[in-house]
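A.B. asks: Below is the structure I would like to discuss, written out as structure tokens.
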Amino acid sequence: METQTITHQNLSEQSKIEMIDFYNEATEDYEFWSNDYNMHFGYFIPFKTNPFKRDTMLNQMNSQVLKRLNINKAKNRLIDLGCGMGGTMRYALKQYKNVIAYGVTLSNFQLQQGNELLKGKNGIILKENYNNTSFQSNSFDSAVAIESFCHSGHNKNSLKEVYRILKPGGRLVIADAFLKKDKSQLCNGAKYSYHKLCSHWSLEKLETHTYIKEQLQNIGFKTIKIDDISFRVAPSVLHVPFAITSFIIKKLLSFKTIKRESFLNLKGSFYALLTGLHMKSFGYYIISATKAK
Ligand SMILES: C[S@@+](CC[C@H](N)C(=O)[O-])C[C@H]1O[C@@H](n2cnc3c(N)ncnc32)[C@H](O)[C@@H]1O
């Protein structure tokens with residue numbers, strides 16, 4: 001039993017190191033994906049977001065997530081758990097003048113470059129593990145996690161930590177891909193693309209949205225709402241082949257070599273598309289919940 005635990009811990013530690021290397025080296029490539037350095041998929045609304053302009057959909061995802069925080073006129077301390085380059089934080093600071101935004105990441109590149117982009121704004125990125133932060137308990141009004149908890153395998157510890165740092169009545173909003181059924185029930189094609197996606201994007205694993213709901217309830221979260229937004233996200237996922245092609249052409253034309261991490265990222269994006277096509281097995285959800293008062 002003990003050996004098993006140690007092995008699992010070592011594996012987690014190893015995948016964490018790989019994830020950090022991955023983001024230190026591949027984050028700059030996201031400029032091809034998003035001018036605003038949004039490191040996530042988008043949200044399409046017919047006649048509102050242009051399906052050909054990726055950033056409008058990516059920023060609409062920020063908007064959808066922030067909307068569910070129910071931010072009012074009072075001062076609001078917001079934490080972005082796994083903040084990337086702070087794209088969501090910058091969007092929040094632009095929309096809400098009463099927000100003070102904190103972001104956490106494990107990548108030094110994101111820490112430095114993300115803080116550059118936040119200069120003069122009411123936000124800061126810190127190097128912290130979202131599973132075990134140094135923030136005081138009951139200190140945030142709002143928390144978001146966009147496509148970041150998957151790196152820890154949608155672990156209960158991530159949810160427990162956010163519960164600890166949220167004030168009573170504070171809101172949590174998660175946007176991410178989740179399984180629709182247990183891994184053991186996936187067809188061969190879904191299993192293949194899922195494993196490839198996890199290994200290329202350094203994701204520990206994905207959980208089912210029902211598991212997350214159960215865990216949120218057990219921890220003490222209330223008013224849990226799960227929105228299946230797979231069809232809203234699909235148009236931005238369909239951008240993947242075009243983004244990959246234009247990235248490679250630009251690199252070739254500038255005679256630049258493509259780093260190992262960039263290749264992993266490109267292949268990961270391709271497997272994300274492949275995984276997304278298995279719509280009976282995978283979905284994209286926005287999950288919101290409130291810490292009990
Ligand atoms: C796909 S990016 C998403 C970034 C950002 N949420 C966005 O949508 O632009 C995943 C982020 O999670 C961060 N991350 C992964 N595991 C983490 C951990 N244990 N603690 C803090 N950040 C973590 C990575 O450093 C990266 O910034």
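Labeling convention for the structure tokens: chains A, B, ... as they appear, residues from 1 per chain, ligands from 1 in order of appearance.
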Counting only C-alpha atoms, which residues of range 52-107 of chain A sit at most 8 Å from some atom of range 139-158 of chain A, and what is each one's closest atom pair with its distance in Å to one decimal, listed by chain and rising residue number, as a Markdown table?
C.D. replies:
| residue | atom | partner | partner_atom | distance |
| --- | --- | --- | --- | --- |
| A:Val65 | CA | A:Val144 | CA | 7.4 |
| A:Leu66 | CA | A:Val144 | CA | 7.9 |
| A:Leu69 | CA | A:Ser142 | CA | 6.4 |
| A:Asn76 | CA | A:Asp141 | CA | 5.7 |
| A:Arg77 | CA | A:Phe140 | CA | 5.0 |
| A:Leu78 | CA | A:Ser142 | CA | 4.6 |
| A:Ile79 | CA | A:Ala143 | CA | 4.8 |
| A:Asp80 | CA | A:Val144 | CA | 5.0 |
| A:Leu81 | CA | A:Ala145 | CA | 5.0 |
| A:Gly82 | CA | A:Ser148 | CA | 5.2 |
| A:Cys83 | CA | A:Ala145 | CA | 7.5 |
A.B. asks: Limited to C-alpha atoms, could you put the picked residues into a file as a CSV table (one decimal), in the first residue's frame?
C.D. replies:
chain,number,residue,atom,x,y,z
A,65,VAL,CA,-17.0,32.7,-16.4
A,66,LEU,CA,-16.9,36.1,-14.8
A,69,LEU,CA,-19.3,35.1,-10.2
A,76,ASN,CA,-14.1,42.1,-4.9
A,77,ARG,CA,-10.9,40.0,-4.3
A,78,LEU,CA,-10.6,37.6,-7.2
A,79,ILE,CA,-8.2,34.7,-7.5
A,80,ASP,CA,-7.4,32.9,-10.8
A,81,LEU,CA,-6.2,29.4,-10.0
A,82,GLY,CA,-3.8,28.4,-12.8
A,83,CYS,CA,-3.9,31.9,-14.4
A.B. asks: I'd like to know which residues of range 46-193 of chain A are alpha helix (DSSP H) (by DSSP, run on the backbone); could you write them as a ChimeraX atom specification?
C.D. replies: /A:54-67,87-95,108-117,156-165,188-193
A.B. asks: What's the separation between CA of Gln113 in chain A and atom 15 (C, counted along the ligand's line) of ligand 1, in Å to one decimal place?
C.D. replies: 16.4 Å
A.B. asks: Give me the residues within 8 Å of range 21-35 of chain A as a compact mmCIF listing (two decimals) with N, CA and C atoms, in the first residue's frame, counting only C-alpha atoms and dropping any in the same chain fewer than 3 places off.
C.D. replies:
# COMPACT_ATOMS: atom_id res chain seq x y z
N ILE A 17 6.57 18.44 -12.88
CA ILE A 17 7.80 19.01 -13.44
C ILE A 17 7.64 19.15 -14.96
N GLU A 18 7.09 18.10 -15.58
CA GLU A 18 6.88 18.15 -17.04
C GLU A 18 5.94 19.28 -17.42
N ASN A 38 -5.03 34.46 -24.17
CA ASN A 38 -6.00 33.58 -23.52
C ASN A 38 -5.59 32.15 -23.83
N MET A 39 -5.32 31.38 -22.79
CA MET A 39 -4.83 30.01 -23.02
C MET A 39 -5.97 29.01 -22.81
N ARG A 54 -11.13 34.37 -33.54
CA ARG A 54 -10.96 33.50 -32.37
C ARG A 54 -11.02 34.29 -31.05
N ASP A 55 -10.30 35.43 -31.02
CA ASP A 55 -10.22 36.14 -29.74
C ASP A 55 -11.57 36.62 -29.21
N LEU A 58 -12.73 33.64 -27.40
CA LEU A 58 -11.93 33.36 -26.19
C LEU A 58 -12.28 34.36 -25.09
N SER A 107 4.58 28.34 -13.40
CA SER A 107 5.56 28.60 -14.47
C SER A 107 6.24 29.96 -14.27
N ASN A 108 7.57 29.96 -14.24
CA ASN A 108 8.33 31.22 -14.09
C ASN A 108 8.11 32.15 -15.28
N PHE A 109 8.01 31.56 -16.47
CA PHE A 109 7.79 32.36 -17.67
C PHE A 109 6.48 33.15 -17.53
N GLN A 110 5.42 32.45 -17.11
CA GLN A 110 4.12 33.12 -16.97
C GLN A 110 4.14 34.15 -15.86
N TRP A 201 -0.43 17.28 -23.27
CA TRP A 201 -0.69 18.55 -22.58
C TRP A 201 -0.39 18.46 -21.08
N SER A 202 0.32 17.40 -20.67
CA SER A 202 0.67 17.23 -19.25
C SER A 202 -0.55 17.31 -18.33
N ALA A 243 -4.93 27.01 -36.81
CA ALA A 243 -3.92 27.65 -35.95
C ALA A 243 -2.61 26.87 -36.03
N PHE A 247 0.85 28.35 -37.54
CA PHE A 247 2.01 28.38 -36.64
C PHE A 247 3.23 27.76 -37.33
N LYS A 259 10.46 23.98 -31.05
CA LYS A 259 10.92 23.32 -29.82
C LYS A 259 10.10 22.05 -29.55
N GLU A 261 8.66 21.22 -26.82
CA GLU A 261 7.44 21.58 -26.09
C GLU A 261 6.38 22.16 -27.03
N SER A 262 6.85 22.89 -28.08
CA SER A 262 5.90 23.43 -29.05
C SER A 262 5.25 22.29 -29.82
N ASN A 265 2.72 20.74 -27.72
CA ASN A 265 1.55 21.60 -27.64
C ASN A 265 0.70 21.46 -28.91
A.B. asks: I need the residue nearest ligand 1 from this list: A:Lys167, A:His195, A:Lys213, A:Lys16. Use only C-alpha atoms and all ligand atoms for the distance.
C.D. replies: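 Ranking A:Lys167, A:His195, A:Lys213, A:Lys16 by distance to ligand 1, first place goes to A:Lys16.
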A.B. asks: Can you list, as a ChimeraX atom specification, every protein, DNA or RNA residue that comes within 12 Å of Arg90 in chain A when you count only C-alpha atoms, leaving out same-chain residues fewer than 3 positions away?
C.D. replies: /A:36-38,59,62-63,66,78,80,83-87,93-97,99-103,114-125
A.B. asks: Write a file of the selected residues as an mmCIF file, in the first residue's frame, keeping N, CA and C atoms.
C.D. replies:
data_model
loop_
_atom_site.group_PDB
_atom_site.id
_atom_site.type_symbol
_atom_site.label_atom_id
_atom_site.label_comp_id
_atom_site.auth_asym_id
_atom_site.auth_seq_id
_atom_site.Cartn_x
_atom_site.Cartn_y
_atom_site.Cartn_z
ATOM 1 N N ASP A 36 -4.589 38.204 -26.950
ATOM 2 C CA ASP A 36 -4.696 38.570 -25.534
ATOM 3 C C ASP A 36 -4.090 37.510 -24.617
ATOM 4 N N TYR A 37 -3.425 36.544 -25.202
ATOM 5 C CA TYR A 37 -2.819 35.438 -24.429
ATOM 6 C C TYR A 37 -3.846 34.681 -23.596
ATOM 7 N N ASN A 38 -5.028 34.462 -24.165
ATOM 8 C CA ASN A 38 -5.999 33.579 -23.524
ATOM 9 C C ASN A 38 -5.587 32.148 -23.827
ATOM 10 N N ASN A 59 -12.464 35.617 -25.482
ATOM 11 C CA ASN A 59 -12.830 36.621 -24.476
ATOM 12 C C ASN A 59 -14.262 36.440 -23.993
ATOM 13 N N ASN A 62 -14.115 34.257 -21.121
ATOM 14 C CA ASN A 62 -13.820 35.029 -19.900
ATOM 15 C C ASN A 62 -15.094 35.660 -19.362
ATOM 16 N N SER A 63 -15.858 36.265 -20.262
ATOM 17 C CA SER A 63 -17.066 36.959 -19.878
ATOM 18 C C SER A 63 -18.072 36.002 -19.222
ATOM 19 N N LEU A 66 -16.814 35.006 -15.726
ATOM 20 C CA LEU A 66 -16.896 36.118 -14.760
ATOM 21 C C LEU A 66 -18.343 36.450 -14.406
ATOM 22 N N LEU A 78 -10.465 38.712 -6.280
ATOM 23 C CA LEU A 78 -10.632 37.572 -7.206
ATOM 24 C C LEU A 78 -9.324 36.804 -7.309
ATOM 25 N N ASP A 80 -7.394 33.791 -9.615
ATOM 26 C CA ASP A 80 -7.412 32.924 -10.792
ATOM 27 C C ASP A 80 -6.434 31.785 -10.533
ATOM 28 N N CYS A 83 -3.459 30.659 -13.707
ATOM 29 C CA CYS A 83 -3.881 31.872 -14.436
ATOM 30 C C CYS A 83 -3.210 32.057 -15.791
ATOM 31 N N GLY A 84 -2.236 31.196 -16.134
ATOM 32 C CA GLY A 84 -1.543 31.383 -17.410
ATOM 33 C C GLY A 84 -0.875 32.733 -17.472
ATOM 34 N N MET A 85 -1.137 33.478 -18.553
ATOM 35 C CA MET A 85 -0.534 34.804 -18.721
ATOM 36 C C MET A 85 -1.441 35.901 -18.155
ATOM 37 N N GLY A 86 -2.461 35.497 -17.427
ATOM 38 C CA GLY A 86 -3.333 36.480 -16.778
ATOM 39 C C GLY A 86 -4.373 37.067 -17.735
ATOM 40 N N GLY A 87 -4.680 36.365 -18.812
ATOM 41 C CA GLY A 87 -5.662 36.853 -19.795
ATOM 42 C C GLY A 87 -7.017 37.122 -19.153
ATOM 43 N N LEU A 93 -10.272 42.873 -14.916
ATOM 44 C CA LEU A 93 -9.900 44.207 -14.439
ATOM 45 C C LEU A 93 -10.453 45.308 -15.350
ATOM 46 N N LYS A 94 -10.590 44.966 -16.632
ATOM 47 C CA LYS A 94 -11.151 45.927 -17.582
ATOM 48 C C LYS A 94 -12.661 46.079 -17.382
ATOM 49 N N GLN A 95 -13.312 44.963 -17.068
ATOM 50 C CA GLN A 95 -14.777 44.974 -16.951
ATOM 51 C C GLN A 95 -15.273 45.480 -15.594
ATOM 52 N N TYR A 96 -14.499 45.173 -14.548
ATOM 53 C CA TYR A 96 -14.967 45.493 -13.188
ATOM 54 C C TYR A 96 -13.908 46.337 -12.482
ATOM 55 N N LYS A 97 -14.244 47.596 -12.213
ATOM 56 C CA LYS A 97 -13.274 48.512 -11.593
ATOM 57 C C LYS A 97 -13.064 48.192 -10.111
ATOM 58 N N VAL A 99 -12.578 45.201 -8.856
ATOM 59 C CA VAL A 99 -11.890 43.913 -8.671
ATOM 60 C C VAL A 99 -10.399 44.112 -8.396
ATOM 61 N N ILE A 100 -9.881 43.321 -7.451
ATOM 62 C CA ILE A 100 -8.436 43.204 -7.247
ATOM 63 C C ILE A 100 -8.123 41.758 -7.628
ATOM 64 N N ALA A 101 -7.263 41.582 -8.616
ATOM 65 C CA ALA A 101 -7.073 40.227 -9.147
ATOM 66 C C ALA A 101 -5.725 39.630 -8.757
ATOM 67 N N TYR A 102 -5.779 38.406 -8.258
ATOM 68 C CA TYR A 102 -4.577 37.626 -7.967
ATOM 69 C C TYR A 102 -4.602 36.412 -8.890
ATOM 70 N N GLY A 103 -3.419 36.022 -9.347
ATOM 71 C CA GLY A 103 -3.352 34.819 -10.166
ATOM 72 C C GLY A 103 -2.246 33.933 -9.651
ATOM 73 N N GLY A 114 3.582 37.455 -17.534
ATOM 74 C CA GLY A 114 2.204 37.784 -17.157
ATOM 75 C C GLY A 114 2.167 39.039 -16.297
ATOM 76 N N ASN A 115 3.121 39.165 -15.383
ATOM 77 C CA ASN A 115 3.163 40.369 -14.541
ATOM 78 C C ASN A 115 3.534 41.608 -15.350
ATOM 79 N N GLU A 116 4.345 41.436 -16.400
ATOM 80 C CA GLU A 116 4.644 42.556 -17.304
ATOM 81 C C GLU A 116 3.345 43.093 -17.912
ATOM 82 N N LEU A 117 2.506 42.148 -18.371
ATOM 83 C CA LEU A 117 1.242 42.544 -19.011
ATOM 84 C C LEU A 117 0.275 43.180 -18.010
ATOM 85 N N LEU A 118 0.491 42.901 -16.730
ATOM 86 C CA LEU A 118 -0.404 43.442 -15.693
ATOM 87 C C LEU A 118 0.096 44.754 -15.100
ATOM 88 N N LYS A 119 1.249 45.226 -15.574
ATOM 89 C CA LYS A 119 1.839 46.450 -14.999
ATOM 90 C C LYS A 119 0.848 47.610 -15.035
ATOM 91 N N GLY A 120 0.743 48.302 -13.902
ATOM 92 C CA GLY A 120 -0.156 49.459 -13.826
ATOM 93 C C GLY A 120 -1.598 49.066 -13.603
ATOM 94 N N LYS A 121 -1.862 47.771 -13.504
ATOM 95 C CA LYS A 121 -3.241 47.317 -13.276
ATOM 96 C C LYS A 121 -3.345 46.768 -11.857
ATOM 97 N N ASN A 122 -4.572 46.554 -11.429
ATOM 98 C CA ASN A 122 -4.821 46.145 -10.057
ATOM 99 C C ASN A 122 -4.718 44.619 -9.901
ATOM 100 N N GLY A 123 -3.619 44.053 -10.411
ATOM 101 C CA GLY A 123 -3.511 42.598 -10.357
ATOM 102 C C GLY A 123 -2.077 42.135 -10.267
ATOM 103 N N ILE A 124 -1.904 40.928 -9.732
ATOM 104 C CA ILE A 124 -0.555 40.369 -9.601
ATOM 105 C C ILE A 124 -0.602 38.849 -9.744
ATOM 106 N N ILE A 125 0.442 38.320 -10.375
ATOM 107 C CA ILE A 125 0.553 36.860 -10.495
ATOM 108 C C ILE A 125 1.626 36.381 -9.523
#
A.B. asks: Please list as a list in words every residue within 10 Å of Phe263 in chain A, counting only C-alpha atoms and excluding residues in the same chain fewer than 4 positions away.
C.D. replies: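 Result of the neighbour search: Ala26, His200, Ile244, Ile248, Ile258, Lys259, Lys267, Gly268 and Ser269 of chain A.
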A.B. asks: I need the residue nearest ligand 1 from this list: A:Phe231, A:Lys73, A:Ile174, A:Asn98. Use only C-alpha atoms and all ligand atoms for the distance.
C.D. replies: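 Ranking A:Phe231, A:Lys73, A:Ile174, A:Asn98 by distance to ligand 1, first place goes to A:Ile174.
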A.B. asks: Point out the residue among A:Arg260, A:Lys127, A:Lys250, A:Arg164 with the least atom-to-atom distance to ligand 1, counting only C-alpha atoms and all ligand atoms.
C.D. replies: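 Of A:Arg260, A:Lys127, A:Lys250, A:Arg164, the one nearest ligand 1 is A:Lys127, counting only C-alpha atoms and all ligand atoms.
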A.B. asks: Measuring between only C-alpha atoms and all ligand atoms, which one of A:Phe282, A:Tyr130, A:Phe135, A:Tyr271 shows the shortest distance to ligand 1?
C.D. replies: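 For ligand 1, the nearest of the given residues is A:Tyr130.
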A.B. asks: Please indicate the distance in Å from CA of Pro235 in chain A to CA of Val104 in chain A, rounded to one decimal place.
C.D. replies: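 Answer for the CA of Pro235 in chain A to CA of Val104 in chain A separation: 28.6 Å.
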A.B. asks: For a test of reading the model, state the distance in Å between CA of Asn218 in chain A and CA of Gln64 in chain A, rounded to one decimal.
C.D. replies: 25.9 Å
A.B. asks: Could you give me, as a list in words, the residues within 12 Å of Ser137 in chain A, counting only C-alpha atoms and dropping anything in the same chain fewer than 4 positions from it?
C.D. replies: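 Within the cut-off, the hits are Asn132, Thr133, Asp141, Lys160, Glu161, Val162, Tyr163, Arg164, Ile165, Leu166, Lys167, Pro168 and Gly170 of chain A.
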A.B. asks: Store the residues of this selection in a file with N, CA and C atoms, as a short mmCIF file (atom, residue, chain, number, x, y, z; two decimals), in the first residue's frame.
C.D. replies:
data_model
loop_
_atom_site.label_atom_id
_atom_site.label_comp_id
_atom_site.auth_asym_id
_atom_site.auth_seq_id
_atom_site.Cartn_x
_atom_site.Cartn_y
_atom_site.Cartn_z
N ASN A 132 -2.31 24.00 -2.74
CA ASN A 132 -1.79 24.25 -1.40
C ASN A 132 -1.18 25.65 -1.38
N THR A 133 -2.01 26.67 -1.30
CA THR A 133 -1.51 28.04 -1.41
C THR A 133 -1.13 28.59 -0.03
N ASP A 141 -13.32 36.75 -2.49
CA ASP A 141 -14.75 36.79 -2.79
C ASP A 141 -15.08 35.88 -3.97
N LYS A 160 -10.80 21.55 -2.33
CA LYS A 160 -10.73 21.82 -0.88
C LYS A 160 -9.97 23.10 -0.62
N GLU A 161 -8.88 23.31 -1.37
CA GLU A 161 -8.06 24.50 -1.15
C GLU A 161 -8.84 25.76 -1.53
N VAL A 162 -9.58 25.70 -2.64
CA VAL A 162 -10.34 26.89 -3.03
C VAL A 162 -11.45 27.15 -2.01
N TYR A 163 -12.02 26.09 -1.46
CA TYR A 163 -13.05 26.27 -0.43
C TYR A 163 -12.45 26.98 0.79
N ARG A 164 -11.23 26.59 1.14
CA ARG A 164 -10.56 27.18 2.31
C ARG A 164 -10.33 28.69 2.11
N ILE A 165 -9.85 29.07 0.93
CA ILE A 165 -9.46 30.48 0.75
C ILE A 165 -10.64 31.40 0.39
N LEU A 166 -11.76 30.80 -0.02
CA LEU A 166 -12.94 31.64 -0.31
C LEU A 166 -13.59 32.10 0.98
N LYS A 167 -14.15 33.32 0.95
CA LYS A 167 -14.94 33.79 2.10
C LYS A 167 -16.28 33.05 2.09
N PRO A 168 -16.94 32.92 3.24
CA PRO A 168 -18.30 32.36 3.21
C PRO A 168 -19.16 33.18 2.25
N GLY A 170 -18.60 33.19 -0.88
CA GLY A 170 -17.76 33.41 -2.06
C GLY A 170 -18.10 32.44 -3.18
#
A.B. asks: Excluding same-chain residues fewer than 4 positions from Val237 in chain A, what lies within 9 Å of it counting only C-alpha atoms, as a ChimeraX atom specification?
C.D. replies: /A:41-42,233,241,269,272-273,276
A.B. asks: Go through range 9-180 of chain A and collect every residue that DSSP, computed from the backbone, puts in strand (DSSP E or B); the answer should be as a VMD selection string.
C.D. replies: chain A and resid 76 to 81 99 to 105 123 to 127 140 to 146 166 to 179
A.B. asks: With only C-alpha atoms as the atoms that count, which of A:Lys205, A:His239, A:Arg232, A:Lys222 lies nearest to Ser288 in chain A?
C.D. replies: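 Between A:Lys205, A:His239, A:Arg232, A:Lys222, the residue approaching Ser288 in chain A most closely is A:Lys222.
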